[in-house]
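J.: Input file: final.txt. Contents: compact mmCIF, C-alpha atoms.
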```txt
# COMPACT_ATOMS: atom_id res chain seq x y z
CA MET A 477 -48.82 141.11 -108.12
CA LYS A 478 -47.89 138.34 -105.67
CA GLU A 479 -49.38 138.95 -102.23
CA LEU A 480 -46.10 139.11 -100.31
CA ALA A 481 -44.57 141.35 -102.95
CA LYS A 482 -46.92 144.13 -101.81
CA ILE A 483 -46.24 144.21 -98.06
CA ARG A 484 -45.28 147.63 -96.69
CA ASN A 485 -43.10 146.61 -93.74
CA ASP A 486 -40.22 144.17 -93.98
CA VAL A 487 -37.35 142.71 -91.97
CA VAL A 488 -33.98 141.98 -93.52
CA GLY A 489 -33.16 138.76 -91.69
CA SER A 490 -30.76 138.41 -88.80
CA LEU A 491 -31.56 139.29 -85.19
CA LEU A 492 -29.30 139.80 -82.19
CA ARG A 493 -28.25 136.47 -80.67
CA PRO A 494 -29.33 136.11 -77.03
CA ALA A 495 -26.47 135.61 -74.59
CA ALA A 496 -27.71 132.11 -73.72
CA LEU A 497 -27.67 131.13 -77.40
CA LYS A 498 -24.11 132.41 -77.83
CA GLN A 499 -23.02 130.46 -74.77
CA ALA A 500 -24.67 127.32 -76.11
CA ARG A 501 -22.77 127.71 -79.37
CA ALA A 502 -19.49 128.21 -77.50
CA ASN A 503 -20.22 125.09 -75.47
CA TYR A 504 -20.91 123.14 -78.66
CA ASP A 505 -17.67 124.37 -80.27
CA GLU A 506 -15.77 123.19 -77.18
CA GLY A 507 -17.48 119.78 -77.12
CA LYS A 508 -19.38 120.43 -73.91
CA ILE A 509 -22.79 119.78 -75.49
CA ASP A 510 -23.79 117.74 -78.53
CA LEU A 511 -25.65 118.84 -81.65
CA ALA A 512 -29.01 117.66 -80.32
CA GLU A 513 -28.64 119.85 -77.23
CA LEU A 514 -27.59 122.83 -79.35
CA ARG A 515 -30.60 122.36 -81.63
CA GLU A 516 -32.97 122.24 -78.67
CA ILE A 517 -31.61 125.56 -77.37
CA GLU A 518 -31.73 127.11 -80.84
CA ASN A 519 -35.33 125.98 -81.29
CA ARG A 520 -36.38 127.59 -78.02
CA HIS A 521 -34.80 130.93 -78.89
CA ILE A 522 -36.09 130.88 -82.48
CA SER A 523 -39.62 130.37 -81.17
CA LEU A 524 -39.22 133.42 -78.93
CA ALA A 525 -37.75 135.49 -81.77
CA VAL A 526 -40.66 134.60 -84.06
CA LYS A 527 -43.19 135.53 -81.37
CA MET A 528 -41.45 138.89 -80.87
CA GLN A 529 -41.63 139.68 -84.59
CA GLU A 530 -45.29 138.67 -84.77
CA ASP A 531 -46.13 140.68 -81.65
CA VAL A 532 -44.68 143.88 -83.14
CA GLY A 533 -46.77 143.35 -86.28
CA LEU A 534 -44.29 142.44 -89.00
CA SER A 535 -45.87 141.09 -92.18
CA VAL A 536 -43.19 138.40 -92.57
CA VAL A 537 -40.88 136.82 -90.02
CA THR A 538 -37.50 135.09 -90.02
CA ASP A 539 -35.77 132.68 -87.65
CA GLY A 540 -33.26 135.45 -86.86
CA GLU A 541 -30.62 133.35 -88.63
CA TYR A 542 -29.98 131.87 -85.18
CA ARG A 543 -28.52 128.65 -86.56
CA ARG A 544 -25.90 130.55 -88.58
CA LEU A 545 -22.66 132.01 -87.32
CA ASN A 546 -22.60 134.29 -90.36
CA PHE A 547 -25.26 135.25 -92.90
CA GLN A 548 -23.14 133.67 -95.65
CA ASP A 549 -23.50 130.23 -94.06
CA SER A 550 -26.68 129.77 -96.12
CA PHE A 551 -24.26 128.74 -98.90
CA GLY A 552 -20.96 128.06 -97.17
CA GLN A 553 -22.40 125.43 -94.84
CA SER A 554 -24.57 123.86 -97.55
CA VAL A 555 -21.92 122.90 -100.07
CA LYS A 556 -18.93 120.66 -100.58
CA GLY A 557 -15.98 121.49 -102.80
CA PHE A 558 -14.26 124.41 -101.08
CA ASP A 559 -10.91 124.04 -99.37
CA ALA A 560 -12.56 125.15 -96.16
CA ALA A 561 -13.53 124.21 -92.63
CA SER A 562 -16.37 124.98 -90.26
CA SER A 563 -16.15 128.20 -88.25
CA THR A 564 -16.58 128.77 -84.56
CA LEU A 565 -18.04 131.58 -82.50
CA GLN A 566 -14.51 132.38 -81.35
CA PHE A 567 -13.41 132.94 -84.96
CA TYR A 568 -16.01 135.68 -85.50
CA GLU A 569 -15.25 137.31 -82.16
CA ARG A 570 -11.55 137.36 -83.04
CA ARG A 571 -12.31 138.79 -86.47
CA VAL A 572 -13.57 142.07 -84.96
CA ASP A 573 -10.97 142.37 -82.19
CA GLY A 574 -9.72 145.94 -81.94
CA SER A 575 -12.39 147.34 -84.25
CA ARG A 576 -14.35 150.48 -83.53
CA PRO A 577 -18.06 151.03 -84.26
CA LEU A 578 -19.16 153.33 -87.08
CA GLN A 579 -15.83 153.00 -88.82
CA ARG A 580 -14.88 151.53 -92.16
CA TRP A 581 -13.72 147.94 -91.69
CA ASP A 582 -11.74 145.82 -94.14
CA ILE A 583 -12.61 142.14 -93.84
CA PRO A 584 -9.51 140.40 -92.47
CA ASP A 585 -8.15 137.18 -93.94
CA PHE A 586 -6.11 135.49 -91.27
CA GLY A 587 -4.32 133.30 -93.78
CA GLU A 588 -5.46 130.16 -91.98
CA PRO A 589 -4.96 126.86 -93.83
CA LYS A 590 -8.70 126.29 -93.98
CA GLY A 591 -10.99 129.20 -93.23
CA ALA A 592 -14.76 129.16 -93.56
CA ALA A 593 -16.12 129.17 -97.10
CA VAL A 594 -17.37 132.53 -98.43
CA SER A 595 -16.75 134.46 -95.20
CA GLN A 596 -13.09 133.97 -96.16
CA ARG A 597 -11.78 133.80 -99.73
CA ARG A 598 -11.19 130.08 -100.18
CA PRO A 599 -10.20 128.08 -103.28
CA ALA A 600 -11.99 124.99 -104.59
CA LEU A 601 -10.63 121.46 -104.37
CA GLU A 602 -13.40 120.08 -106.59
CA ARG A 603 -16.54 121.37 -108.28
CA ILE A 604 -19.02 122.92 -105.87
CA ARG A 605 -22.06 120.75 -105.11
CA LEU A 606 -24.96 120.78 -102.67
CA ASP A 607 -24.26 118.67 -99.59
CA ARG A 608 -27.17 119.63 -97.31
CA ASN A 609 -29.87 122.23 -97.74
CA VAL A 610 -29.24 124.38 -94.67
CA PRO A 611 -31.85 127.06 -95.53
CA LEU A 612 -34.47 124.33 -95.98
CA GLU A 613 -33.64 122.90 -92.56
CA GLU A 614 -34.06 126.39 -91.11
CA PHE A 615 -37.38 126.98 -92.86
CA GLN A 616 -38.83 123.64 -91.83
CA PHE A 617 -38.65 124.62 -88.17
CA LEU A 618 -39.63 128.25 -88.81
CA SER A 619 -42.81 127.14 -90.60
CA GLN A 620 -43.77 125.01 -87.60
CA VAL A 621 -43.67 127.88 -85.09
CA ALA A 622 -44.67 130.91 -87.19
CA HIS A 623 -48.22 132.14 -87.75
CA LYS A 624 -47.06 134.79 -90.25
CA PRO A 625 -45.33 133.88 -93.54
CA GLY A 626 -41.72 132.86 -93.08
CA LYS A 627 -38.96 134.49 -95.08
CA VAL A 628 -35.54 132.97 -95.84
CA ALA A 629 -32.40 134.86 -96.90
CA LEU A 630 -29.70 133.36 -99.14
CA ILE A 631 -26.35 134.89 -100.00
CA GLY A 632 -26.31 135.79 -103.70
CA PRO A 633 -23.94 134.67 -106.48
CA ASP A 634 -22.21 138.05 -106.69
CA ARG A 635 -20.99 137.94 -103.11
CA ILE A 636 -20.03 134.27 -103.39
CA ALA A 637 -17.96 135.02 -106.50
CA GLN A 638 -16.22 137.95 -104.81
CA ARG A 639 -15.32 135.69 -101.88
CA PHE A 640 -13.95 132.89 -104.09
CA ASP A 641 -10.21 132.46 -104.59
CA TRP A 642 -10.44 131.64 -108.29
CA GLN A 643 -6.75 132.34 -108.89
CA ASN A 644 -5.87 129.25 -106.84
CA SER A 645 -8.70 127.11 -108.23
CA LYS A 646 -7.67 126.88 -111.88
CA SER A 647 -7.20 123.12 -111.72
CA VAL A 648 -10.96 122.92 -110.97
CA TYR A 649 -12.51 125.97 -112.68
CA SER A 650 -11.35 127.71 -115.84
CA GLY A 651 -12.63 131.01 -114.48
CA LEU A 652 -15.43 132.82 -112.70
CA ASP A 653 -18.03 132.11 -115.43
CA GLU A 654 -17.76 128.38 -114.86
CA PHE A 655 -17.76 128.74 -111.07
CA VAL A 656 -20.81 131.03 -111.02
CA ALA A 657 -22.72 128.59 -113.21
CA ASP A 658 -22.21 125.93 -110.53
CA VAL A 659 -23.24 128.40 -107.81
CA VAL A 660 -26.49 129.10 -109.65
CA GLU A 661 -27.23 125.39 -110.03
CA VAL A 662 -26.64 124.76 -106.31
CA GLU A 663 -28.75 127.72 -105.23
CA ARG A 664 -31.60 126.72 -107.52
CA GLN A 665 -31.59 123.35 -105.77
CA ILE A 666 -31.76 125.15 -102.42
CA ILE A 667 -34.64 127.35 -103.60
CA SER A 668 -36.50 124.38 -105.07
CA GLY A 669 -36.41 122.70 -101.68
CA LEU A 670 -37.70 125.84 -99.99
CA VAL A 671 -40.54 126.27 -102.48
CA GLU A 672 -41.59 122.65 -102.16
CA ALA A 673 -41.69 123.12 -98.36
CA GLY A 674 -44.04 126.10 -98.72
CA CYS A 675 -41.70 129.10 -98.55
CA ARG A 676 -43.15 132.01 -100.54
CA TYR A 677 -40.61 134.78 -99.85
CA VAL A 678 -36.92 134.29 -100.67
CA GLN A 679 -34.50 137.16 -100.15
CA ILE A 680 -31.15 137.27 -101.91
CA ASP A 681 -28.51 139.04 -99.83
CA ALA A 682 -26.30 140.90 -102.30
CA PRO A 683 -23.91 143.19 -100.42
CA GLY A 684 -21.39 142.63 -103.20
CA TYR A 685 -23.26 144.96 -105.55
CA THR A 686 -22.15 148.03 -103.60
CA ALA A 687 -18.57 147.06 -104.50
CA TYR A 688 -19.31 148.47 -107.95
CA VAL A 689 -19.69 151.98 -106.51
CA ASP A 690 -16.88 151.77 -103.94
CA PRO A 691 -13.43 152.92 -105.21
CA ALA A 692 -11.42 150.65 -102.91
CA SER A 693 -13.44 147.58 -103.90
CA LEU A 694 -13.11 148.39 -107.59
CA THR A 695 -9.35 148.69 -107.16
CA ALA A 696 -9.25 145.30 -105.42
CA MET A 697 -11.15 143.66 -108.29
CA ARG A 698 -8.80 145.09 -110.89
CA SER A 699 -5.78 144.02 -108.84
CA ARG A 700 -7.07 140.43 -109.08
CA GLY A 701 -7.22 140.73 -112.87
CA GLU A 702 -11.01 141.16 -112.98
CA ASP A 703 -13.10 143.61 -115.03
CA PRO A 704 -15.74 145.12 -112.69
CA GLN A 705 -18.28 145.63 -115.49
CA VAL A 706 -17.90 142.01 -116.59
CA ASN A 707 -18.36 140.90 -112.98
CA PHE A 708 -21.44 143.12 -112.58
CA SER A 709 -23.11 141.88 -115.76
CA ARG A 710 -22.34 138.24 -114.93
CA SER A 711 -23.88 138.66 -111.47
CA LEU A 712 -27.08 140.27 -112.79
CA LYS A 713 -27.58 137.31 -115.12
CA ALA A 714 -26.83 134.84 -112.32
CA ASP A 715 -29.32 136.47 -109.96
CA ASN A 716 -32.02 136.31 -112.62
CA ALA A 717 -31.23 132.66 -113.26
CA LEU A 718 -31.95 131.89 -109.60
CA LEU A 719 -35.53 133.14 -109.96
CA ALA A 720 -36.54 131.58 -113.26
CA GLY A 721 -39.57 129.32 -113.16
CA PHE A 722 -40.56 129.66 -109.51
CA GLY A 723 -44.02 131.05 -110.19
CA ASP A 724 -45.79 132.75 -107.31
CA VAL A 725 -42.72 133.00 -105.03
CA THR A 726 -41.82 136.57 -104.04
CA PHE A 727 -38.14 137.37 -104.50
CA GLY A 728 -36.42 140.30 -102.84
CA ILE A 729 -32.81 141.41 -103.12
CA HIS A 730 -31.01 143.29 -100.38
CA LEU A 731 -28.09 145.68 -100.97
CA CYS A 732 -26.03 147.11 -98.13
CA ARG A 733 -22.54 148.39 -97.38
CA GLY A 734 -21.40 146.03 -94.65
CA ASN A 735 -22.77 145.27 -91.21
CA GLN A 736 -20.33 143.79 -88.70
CA ARG A 737 -20.37 145.02 -85.08
CA SER A 738 -21.92 148.37 -86.07
CA MET A 739 -19.26 148.88 -88.75
CA TRP A 740 -19.34 149.13 -92.56
CA HIS A 741 -16.88 148.36 -95.34
CA ARG A 742 -18.18 150.13 -98.45
CA GLU A 743 -19.44 153.56 -99.45
CA GLY A 744 -20.93 155.18 -102.53
CA SER A 745 -24.38 156.02 -103.87
CA TYR A 746 -26.46 153.76 -106.11
CA ASP A 747 -26.25 156.18 -109.05
CA ALA A 748 -23.64 154.29 -111.08
CA ILE A 749 -25.48 150.94 -110.96
CA ALA A 750 -29.16 151.78 -110.40
CA GLU A 751 -30.42 152.02 -113.97
CA GLN A 752 -28.91 148.71 -115.06
CA LEU A 753 -29.63 146.90 -111.80
CA LEU A 754 -33.25 148.02 -111.37
CA ASN A 755 -34.14 147.37 -114.99
CA GLU A 756 -32.32 144.08 -115.53
CA LEU A 757 -33.03 142.25 -112.29
CA ASN A 758 -36.35 140.41 -112.15
CA HIS A 759 -36.85 140.59 -108.39
CA ASP A 760 -40.14 141.86 -106.97
CA ARG A 761 -38.63 143.86 -104.10
CA PHE A 762 -35.38 145.84 -103.86
CA LEU A 763 -34.29 146.33 -100.24
CA PHE A 764 -31.92 149.30 -100.32
CA GLU A 765 -29.90 150.60 -97.39
CA TYR A 766 -30.68 154.28 -96.87
CA ASP A 767 -29.81 155.10 -93.26
CA THR A 768 -26.72 157.27 -93.80
CA PRO A 769 -25.30 159.71 -96.37
CA ARG A 770 -23.04 156.88 -97.61
CA ALA A 771 -26.03 155.66 -99.64
CA GLY A 772 -26.50 158.96 -101.46
CA GLY A 773 -29.89 160.39 -102.44
CA PHE A 774 -33.11 158.89 -103.73
CA GLU A 775 -32.66 160.09 -107.33
CA PRO A 776 -31.56 156.64 -108.63
CA LEU A 777 -34.99 155.25 -107.69
CA ARG A 778 -36.43 157.00 -110.74
CA PHE A 779 -35.28 153.97 -112.74
CA LEU A 780 -37.58 151.57 -110.84
CA PRO A 781 -39.92 149.83 -113.32
CA LYS A 782 -43.67 149.72 -112.76
CA GLY A 783 -44.84 146.72 -110.77
CA LYS A 784 -41.72 146.62 -108.56
CA LEU A 785 -41.19 147.91 -105.01
CA VAL A 786 -38.24 149.55 -103.31
CA VAL A 787 -38.04 148.83 -99.60
CA LEU A 788 -36.36 151.83 -98.00
CA GLY A 789 -33.92 150.82 -95.25
CA LEU A 790 -34.40 153.98 -93.23
CA VAL A 791 -34.14 152.55 -89.70
CA SER A 792 -30.55 151.87 -88.63
CA THR A 793 -29.56 148.56 -87.06
CA LYS A 794 -26.13 149.95 -86.15
CA VAL A 795 -27.02 152.61 -83.56
CA ALA A 796 -29.41 152.67 -80.62
CA PRO A 797 -31.19 156.06 -81.02
CA LEU A 798 -34.70 155.56 -82.38
CA GLU A 799 -35.56 157.42 -85.57
CA PRO A 800 -38.61 159.73 -85.09
CA VAL A 801 -41.66 158.79 -87.14
CA ASP A 802 -41.91 162.29 -88.58
CA GLU A 803 -38.30 162.15 -89.76
CA ILE A 804 -38.83 158.79 -91.44
CA ARG A 805 -42.02 160.07 -93.10
CA ARG A 806 -40.14 163.12 -94.36
CA ARG A 807 -37.57 160.85 -96.00
CA ILE A 808 -40.28 158.67 -97.53
CA ASP A 809 -41.81 161.86 -98.98
CA GLU A 810 -38.41 162.71 -100.47
CA ALA A 811 -38.19 159.29 -102.09
CA ALA A 812 -41.75 159.67 -103.40
CA LYS A 813 -40.56 162.55 -105.56
CA PHE A 814 -38.74 159.97 -107.70
CA VAL A 815 -40.94 156.88 -107.44
CA PRO A 816 -44.69 156.64 -106.67
CA LEU A 817 -45.57 156.11 -103.01
CA GLU A 818 -47.41 152.89 -103.89
CA GLN A 819 -44.07 151.44 -105.06
CA LEU A 820 -42.36 152.04 -101.71
CA ALA A 821 -42.13 150.14 -98.43
CA ILE A 822 -39.95 150.35 -95.31
CA SER A 823 -37.56 148.13 -93.35
CA PRO A 824 -34.47 148.30 -91.15
CA GLN A 825 -31.34 149.14 -93.14
CA CYS A 826 -29.85 145.67 -92.63
CA GLY A 827 -29.93 142.75 -90.24
CA PHE A 828 -29.20 143.34 -86.58
CA SER A 829 -26.57 140.62 -86.43
CA SER A 830 -25.03 139.67 -89.77
CA ASP A 831 -22.76 137.39 -87.83
CA VAL A 832 -22.97 135.95 -84.34
CA VAL A 833 -21.18 138.93 -82.75
CA GLY A 834 -23.99 141.35 -83.56
CA ASN A 835 -24.31 145.10 -83.66
CA LEU A 836 -23.80 147.28 -80.58
CA ILE A 837 -27.42 147.81 -79.64
CA SER A 838 -29.63 146.06 -77.09
CA PRO A 839 -32.53 143.62 -77.62
CA ASP A 840 -34.87 146.37 -76.40
CA ASP A 841 -33.44 148.74 -79.02
CA GLN A 842 -33.98 146.05 -81.64
CA ARG A 843 -37.63 145.59 -80.70
CA ARG A 844 -38.27 149.33 -80.70
CA LYS A 845 -36.67 149.65 -84.14
CA LEU A 846 -38.96 146.93 -85.55
CA GLU A 847 -41.99 148.52 -83.88
CA ARG A 848 -41.03 151.84 -85.47
CA VAL A 849 -40.89 150.21 -88.93
CA VAL A 850 -44.39 148.77 -88.45
CA GLU A 851 -45.80 151.99 -86.97
CA THR A 852 -44.42 154.13 -89.79
CA ALA A 853 -45.75 151.78 -92.47
CA ARG A 854 -49.23 151.94 -90.93
CA ARG A 855 -49.19 155.73 -90.78
CA VAL A 856 -47.98 156.09 -94.38
CA TRP A 857 -49.87 153.32 -96.17
CA GLY A 858 -52.67 152.45 -93.74
```
Spell out the structure here as structure tokens.

T.:
Amino acid sequence: MKELAKIRNDVVGSLLRPAALKQARANYDEGKIDLAELREIENRHISLAVKMQEDVGLSVVTDGEYRRLNFQDSFGQSVKGFDAASSTLQFYERRVDGSRPLQRWDIPDFGEPKGAAVSQRRPALERIRLDRNVPLEEFQFLSQVAHKPGKVALIGPDRIAQRFDWQNSKSVYSGLDEFVADVVEVERQIISGLVEAGCRYVQIDAPGYTAYVDPASLTAMRSRGEDPQVNFSRSLKADNALLAGFGDVTFGIHLCRGNQRSMWHREGSYDAIAEQLLNELNHDRFLFEYDTPRAGGFEPLRFLPKGKLVVLGLVSTKVAPLEPVDEIRRRIDEAAKFVPLEQLAISPQCGFSSDVVGNLISPDDQRRKLERVVETARRVWG
């Protein structure tokens, strides 16, 4: 097995944005500083974030996604072809106005003439193509400042397809099959660049997969004239196509139920999709959210093939209270009834800041949560 495929502690990706970094981004959006000044500030805070992750003992580290306003920018900011525009910090702050933590949240579409690609459902004006490899740019700096292996997260084809206004793109794409084929080609170019630069752990963020167990999301698909099972099967094939031929690179895939300002937007257990997903996807690591009853039980893990790992997201990034080690170990023991302990690992349930607004916890809470992940992994697996 690939070395990074075996690690017992993991981090999903995004970290809380420091106040000074948010202010720098606001200043850039308002034209008060230029891109070079923004990059200098980002670099300084990324270096500190990497040191924090290494100090707590994580096996892999990320740049906190500090250059992104939203986790989906890994694709949205890398491509040309959408009828879209760049976002601002103010846009994401406005998007959660009036929301309440720990509530279901439906992603608003403000109906703006040109919203950000992927984070809003935008049509295509021309075929999607790679314009700049944003994840590669991120990794190039991360690899300069990190002593531990650097990990990069990309938004997966399933989510991109769900956030594509194909109904108003028929002059460009005949349907979702043709669009997803272009998405795969672009993302393979992104991954190729990462691999050539030395990245050995690529995570695919796939929050769209929980739509296939969420009644409201299934209804929305059908209302758009889509067959959920066709969408699901297409996305499994697309995710596998991303991985093909990349040799010793570890690939993980992360499933969650939404993560904006300590809110969520889907519910439902993995039961209905686990057998097909775990057996058809070729990823090495499956990072599954398991911090609340919305995820259901561990029974679906019985379908995990030999040689694969499930990373249990047992530590919440949404709330401040710290999970006791004994409670986390008890839940790992429950999971081990369905899949061997040697095929398990642990991580936070999601990122701490899927967009620039971030969850309603403090930086100290965040550090303690990561320390708890590392401590628990050491106690369980040594």

J.: Looking at A:Ser745, A:Asn707, A:Gln819, A:Ser619, which one is nearest to Asp690 in chain A, with distances taken over only C-alpha atoms?

T.: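 Closest residue, counting only C-alpha atoms: A:Ser745.
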
J.: When distances are computed from only C-alpha atoms, which of A:Pro611, A:Pro781, A:Gly789, A:Pro800 shows the smallest separation from Ser668 in chain A?

T.: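 Looking only at the distances to Ser668 in chain A, the closest residue turns out to be A:Pro611.
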
J.: Would you compute the distance between CA of Tyr568 in chain A and CA of Arg493 in chain A? Give it in Å to one decimal.

T.: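 Value for the CA of Tyr568 in chain A-CA of Arg493 in chain A distance: 13.2 Å.
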
J.: Give me the residues near range 583-600 of chain A as a ChimeraX atom specification, where near means some atom within 9 Å (using all atoms listed in the file) and where sequence neighbours in that chain fewer than 6 positions away do not count.

T.: /A:546-549,551-553,557-563,571-572,635-649,741

J.: Taking all atoms listed in the file into account, which of A:Ala525, A:Val555, A:Leu731, A:Ala750 comes nearest Val662 in chain A?

T.: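 Comparing A:Ala525, A:Val555, A:Leu731, A:Ala750 against Val662 in chain A, the winner is A:Val555.
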
J.: Write out as a PDB file with C-alpha atoms, in the frame of the given file each polymer residue whose atoms come within 10 Å of Val659 in chain A, counting all atoms listed in the file; drop sequence neighbours fewer than 3 positions from it.

T.:
```
ATOM      1  CA  PHE A 551     -24.260 128.740 -98.900  1.00  0.00           C
ATOM      2  CA  VAL A 555     -21.920 122.900-100.070  1.00  0.00           C
ATOM      3  CA  ARG A 603     -16.540 121.370-108.280  1.00  0.00           C
ATOM      4  CA  ILE A 604     -19.020 122.920-105.870  1.00  0.00           C
ATOM      5  CA  ARG A 605     -22.060 120.750-105.110  1.00  0.00           C
ATOM      6  CA  LEU A 606     -24.960 120.780-102.670  1.00  0.00           C
ATOM      7  CA  GLY A 632     -26.310 135.790-103.700  1.00  0.00           C
ATOM      8  CA  PRO A 633     -23.940 134.670-106.480  1.00  0.00           C
ATOM      9  CA  ASP A 634     -22.210 138.050-106.690  1.00  0.00           C
ATOM     10  CA  ILE A 636     -20.030 134.270-103.390  1.00  0.00           C
ATOM     11  CA  ALA A 637     -17.960 135.020-106.500  1.00  0.00           C
ATOM     12  CA  ASP A 653     -18.030 132.110-115.430  1.00  0.00           C
ATOM     13  CA  GLU A 654     -17.760 128.380-114.860  1.00  0.00           C
ATOM     14  CA  PHE A 655     -17.760 128.740-111.070  1.00  0.00           C
ATOM     15  CA  VAL A 656     -20.810 131.030-111.020  1.00  0.00           C
ATOM     16  CA  VAL A 662     -26.640 124.760-106.310  1.00  0.00           C
ATOM     17  CA  GLU A 663     -28.750 127.720-105.230  1.00  0.00           C
ATOM     18  CA  ARG A 664     -31.600 126.720-107.520  1.00  0.00           C
ATOM     19  CA  GLN A 665     -31.590 123.350-105.770  1.00  0.00           C
ATOM     20  CA  ALA A 714     -26.830 134.840-112.320  1.00  0.00           C
ATOM     21  CA  LEU A 718     -31.950 131.890-109.600  1.00  0.00           C
TER      22      LEU A 718
END
```

J.: Please, which residues are within 10 Å of (-26.9, 142.5, -103.5) by the file's coordinates, counting all atoms listed in the file, and could they come as an mmCIF file with C-alpha atoms, keeping the file's coordinate frame?

T.:
```cif
data_model
loop_
_atom_site.group_PDB
_atom_site.id
_atom_site.type_symbol
_atom_site.label_atom_id
_atom_site.label_comp_id
_atom_site.auth_asym_id
_atom_site.auth_seq_id
_atom_site.Cartn_x
_atom_site.Cartn_y
_atom_site.Cartn_z
ATOM 1 C CA ILE A 631 -26.350 134.890 -100.000
ATOM 2 C CA GLY A 632 -26.310 135.790 -103.700
ATOM 3 C CA PRO A 633 -23.940 134.670 -106.480
ATOM 4 C CA ASP A 634 -22.210 138.050 -106.690
ATOM 5 C CA ARG A 635 -20.990 137.940 -103.110
ATOM 6 C CA GLN A 679 -34.500 137.160 -100.150
ATOM 7 C CA ILE A 680 -31.150 137.270 -101.910
ATOM 8 C CA ASP A 681 -28.510 139.040 -99.830
ATOM 9 C CA ALA A 682 -26.300 140.900 -102.300
ATOM 10 C CA PRO A 683 -23.910 143.190 -100.420
ATOM 11 C CA GLY A 684 -21.390 142.630 -103.200
ATOM 12 C CA TYR A 685 -23.260 144.960 -105.550
ATOM 13 C CA THR A 686 -22.150 148.030 -103.600
ATOM 14 C CA ALA A 687 -18.570 147.060 -104.500
ATOM 15 C CA SER A 711 -23.880 138.660 -111.470
ATOM 16 C CA LEU A 712 -27.080 140.270 -112.790
ATOM 17 C CA ASP A 715 -29.320 136.470 -109.960
ATOM 18 C CA GLY A 728 -36.420 140.300 -102.840
ATOM 19 C CA ILE A 729 -32.810 141.410 -103.120
ATOM 20 C CA HIS A 730 -31.010 143.290 -100.380
ATOM 21 C CA LEU A 731 -28.090 145.680 -100.970
ATOM 22 C CA CYS A 732 -26.030 147.110 -98.130
ATOM 23 C CA ARG A 733 -22.540 148.390 -97.380
ATOM 24 C CA LEU A 753 -29.630 146.900 -111.800
ATOM 25 C CA PHE A 762 -35.380 145.840 -103.860
ATOM 26 C CA LEU A 763 -34.290 146.330 -100.240
ATOM 27 C CA PHE A 764 -31.920 149.300 -100.320
#
```

J.: Could you tell me how far CA of Asp760 in chain A lies from CA of Gly626 in chain A, in Å and to one decimal?

T.: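 So the answer is 16.6 Å.
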